[in-house]
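Trainee: For reference, the structure I am asking about is given below.
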Amino acid sequence: MAEIVLFTPVEIELVLKGHFHDYYAYHFETTDDLDQDELDEREGLSATASEAFGALFGGRKEFFDKDAAKEYFALATSGDDKKILDKLIAWVGEMTSSLGAKDGLIHYTADSAPGLGARIEPFVKTSNRLGDDDCLCFSPWPIVQVVR
C-alpha cells in the first residue's frame, strides 16, 4: 500500500503562484535592466515552472505543448493575474478530486510491488507513460509532499 500526502491547499496555491510568477517574469516582463546572471536565473526558474505546469496540466489543450502554454499565459495581465491563478487552482482541485484525495491523502494498493510502483510513478516524477490506457494523463508530483 502507498500513501500519497499532498501539500495543503494553501501550499498548493503558493506553489502555483510562484511558478506562474517565474514563468511570466521570464517570458513577458522586460529584461533590459537585468545582467546575464539574473537572466540565467529567470530562465532556470521559468524552465522549472514549465516542467511543473506540463506535468500538472499536460492533458489540457492549454498545455498541450510549450507554445500552447505560452499562448495561454499571454492572456495574463501580470505575473499575479488572479483570473489565470484561480483557473490553475480550480484545475488542481478537479485533479485532486478525480484522484480520490481525502483530506490531502491518496491511498493506492496493487497486487505486486512493480504494479504499485507503476501506480505511484506520476506522483514522484513526470511519467513517460502519460496518456497510456492504465496511466494518468497528468503527473501530480508538483503538489505532492511525500509518498510513503
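By convention in this document, the chains of the C-alpha cells carry letters A, B, ... by their order, each chain's residues are numbered from 1, and ligands are numbered from 1 in the order they are shown.
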Neighbours of Leu75 in chain A within 9 Å (only C-alpha atoms; same-chain residues fewer than 4 positions away dropped), as a list in words?

Mentor: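 The filter keeps Lys70, Glu71 and Ile84 of chain A.
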
Trainee: Please report, as a PyMOL selection string, each residue of range 18-132 of chain A to which DSSP assigns helix (DSSP H, G or I) when run on this structure's backbone.

Mentor: chain A and resi 18-28+36-57+61-63+66-73+82-98+113-124

Trainee: Just C-alpha atoms for this one: save the residues we selected as a compact mmCIF listing (two decimals), in the first residue's frame.

Mentor:
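Written file, again-v1.txt:
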```txt
# COMPACT_ATOMS: atom_id res chain seq x y z
CA GLY A 18 5.40 31.03 -7.54
CA HIS A 19 5.66 29.02 -10.74
CA PHE A 20 3.30 31.32 -12.60
CA HIS A 21 5.21 34.40 -11.46
CA ASP A 22 8.52 32.83 -12.54
CA TYR A 23 7.14 31.79 -15.93
CA TYR A 24 5.56 35.17 -16.58
CA ALA A 25 8.64 37.12 -15.50
CA TYR A 26 10.88 35.30 -17.98
CA HIS A 27 8.52 35.24 -20.94
CA PHE A 28 6.61 38.51 -20.69
CA GLN A 36 23.37 37.79 -17.60
CA ASP A 37 23.33 36.04 -14.21
CA GLU A 38 19.87 37.42 -13.48
CA LEU A 39 18.66 36.39 -16.94
CA ASP A 40 20.03 32.89 -16.44
CA GLU A 41 18.29 32.65 -13.07
CA ARG A 42 14.96 33.75 -14.58
CA GLU A 43 15.37 31.25 -17.38
CA GLY A 44 16.06 28.42 -14.93
CA LEU A 45 13.07 29.30 -12.76
CA SER A 46 10.88 29.51 -15.87
CA ALA A 47 12.08 26.10 -17.06
CA THR A 48 11.16 24.60 -13.67
CA ALA A 49 7.74 26.27 -13.87
CA SER A 50 7.23 24.94 -17.42
CA GLU A 51 8.06 21.43 -16.30
CA ALA A 52 5.66 21.66 -13.35
CA PHE A 53 2.82 23.07 -15.45
CA GLY A 54 3.39 20.48 -18.15
CA ALA A 55 3.26 17.72 -15.56
CA LEU A 56 0.13 19.04 -13.88
CA PHE A 57 -1.82 20.19 -16.91
CA LYS A 61 -5.39 21.84 -24.55
CA GLU A 62 -3.93 24.96 -22.91
CA PHE A 63 -0.78 22.99 -22.05
CA LYS A 66 5.15 24.73 -24.78
CA ASP A 67 3.67 27.01 -27.45
CA ALA A 68 0.13 26.38 -26.21
CA ALA A 69 1.19 27.14 -22.63
CA LYS A 70 2.88 30.36 -23.68
CA GLU A 71 -0.20 31.38 -25.66
CA TYR A 72 -2.42 30.66 -22.66
CA PHE A 73 -0.22 32.59 -20.23
CA LYS A 82 -6.00 36.47 -10.49
CA LYS A 83 -8.09 35.02 -13.31
CA ILE A 84 -5.28 32.76 -14.51
CA LEU A 85 -4.26 31.76 -10.97
CA ASP A 86 -7.85 30.98 -10.00
CA LYS A 87 -8.16 28.75 -13.07
CA LEU A 88 -4.93 26.89 -12.23
CA ILE A 89 -6.11 26.39 -8.65
CA ALA A 90 -9.50 25.14 -9.87
CA TRP A 91 -7.84 22.67 -12.25
CA VAL A 92 -5.72 21.29 -9.42
CA GLY A 93 -8.86 20.95 -7.31
CA GLU A 94 -10.51 18.95 -10.10
CA MET A 95 -7.38 16.81 -10.38
CA THR A 96 -7.19 16.00 -6.67
CA SER A 97 -10.90 15.18 -6.62
CA SER A 98 -10.51 12.86 -9.61
CA ALA A 113 5.49 -4.12 -6.00
CA PRO A 114 6.02 -3.33 -9.71
CA GLY A 115 2.29 -2.69 -10.03
CA LEU A 116 2.34 -0.31 -7.07
CA GLY A 117 5.42 1.39 -8.47
CA ALA A 118 3.62 2.00 -11.76
CA ARG A 119 0.61 3.48 -9.95
CA ILE A 120 2.68 5.92 -7.89
CA GLU A 121 5.14 6.88 -10.66
CA PRO A 122 3.23 10.06 -11.68
CA PHE A 123 3.33 11.21 -8.05
CA VAL A 124 7.12 11.20 -7.88
```

Trainee: When DSSP is applied to the backbone of this structure, which of chain A are assigned strand (DSSP E)? Write them out as a PyMOL selection string.

Mentor: chain A and resi 2-6+105-108+144-147

Trainee: For the atom pair CA of Thr126 in chain A and CA of Ala2 in chain A, what is the interatomic distance in Å to one decimal place?

Mentor: 17.9 Å

Trainee: Name the residues in contact with Leu6 in chain A at a cut-off of 8 Å, using only C-alpha atoms, excluding same-chain residues fewer than 4 positions from it; report them as a ChimeraX atom specification.

Mentor: /A:104-105,143-146

Trainee: Using the selection just defined, write its residues with C-alpha atoms as a JSON list (two decimals), in the first residue's frame.

Mentor:
```json
[["chain", "number", "residue", "atom", "x", "y", "z"],
["A", 104, "GLY", "CA", -4.92, 15.68, 1.25],
["A", 105, "LEU", "CA", -4.31, 11.91, 1.23],
["A", 143, "ILE", "CA", 1.78, 19.16, -5.45],
["A", 144, "VAL", "CA", 2.98, 16.04, -3.61],
["A", 145, "GLN", "CA", 4.61, 16.46, -0.23],
["A", 146, "VAL", "CA", 5.62, 12.82, 0.33]]
```

Trainee: Check the smallest atom-to-atom distance from each of A:Leu16, A:Gly59, A:Glu29, A:Pro9 to Pro142 in chain A using only C-alpha atoms, then report the winner.

Mentor: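 Residue with the minimum atom-to-atom distance to Pro142 in chain A: A:Leu16.
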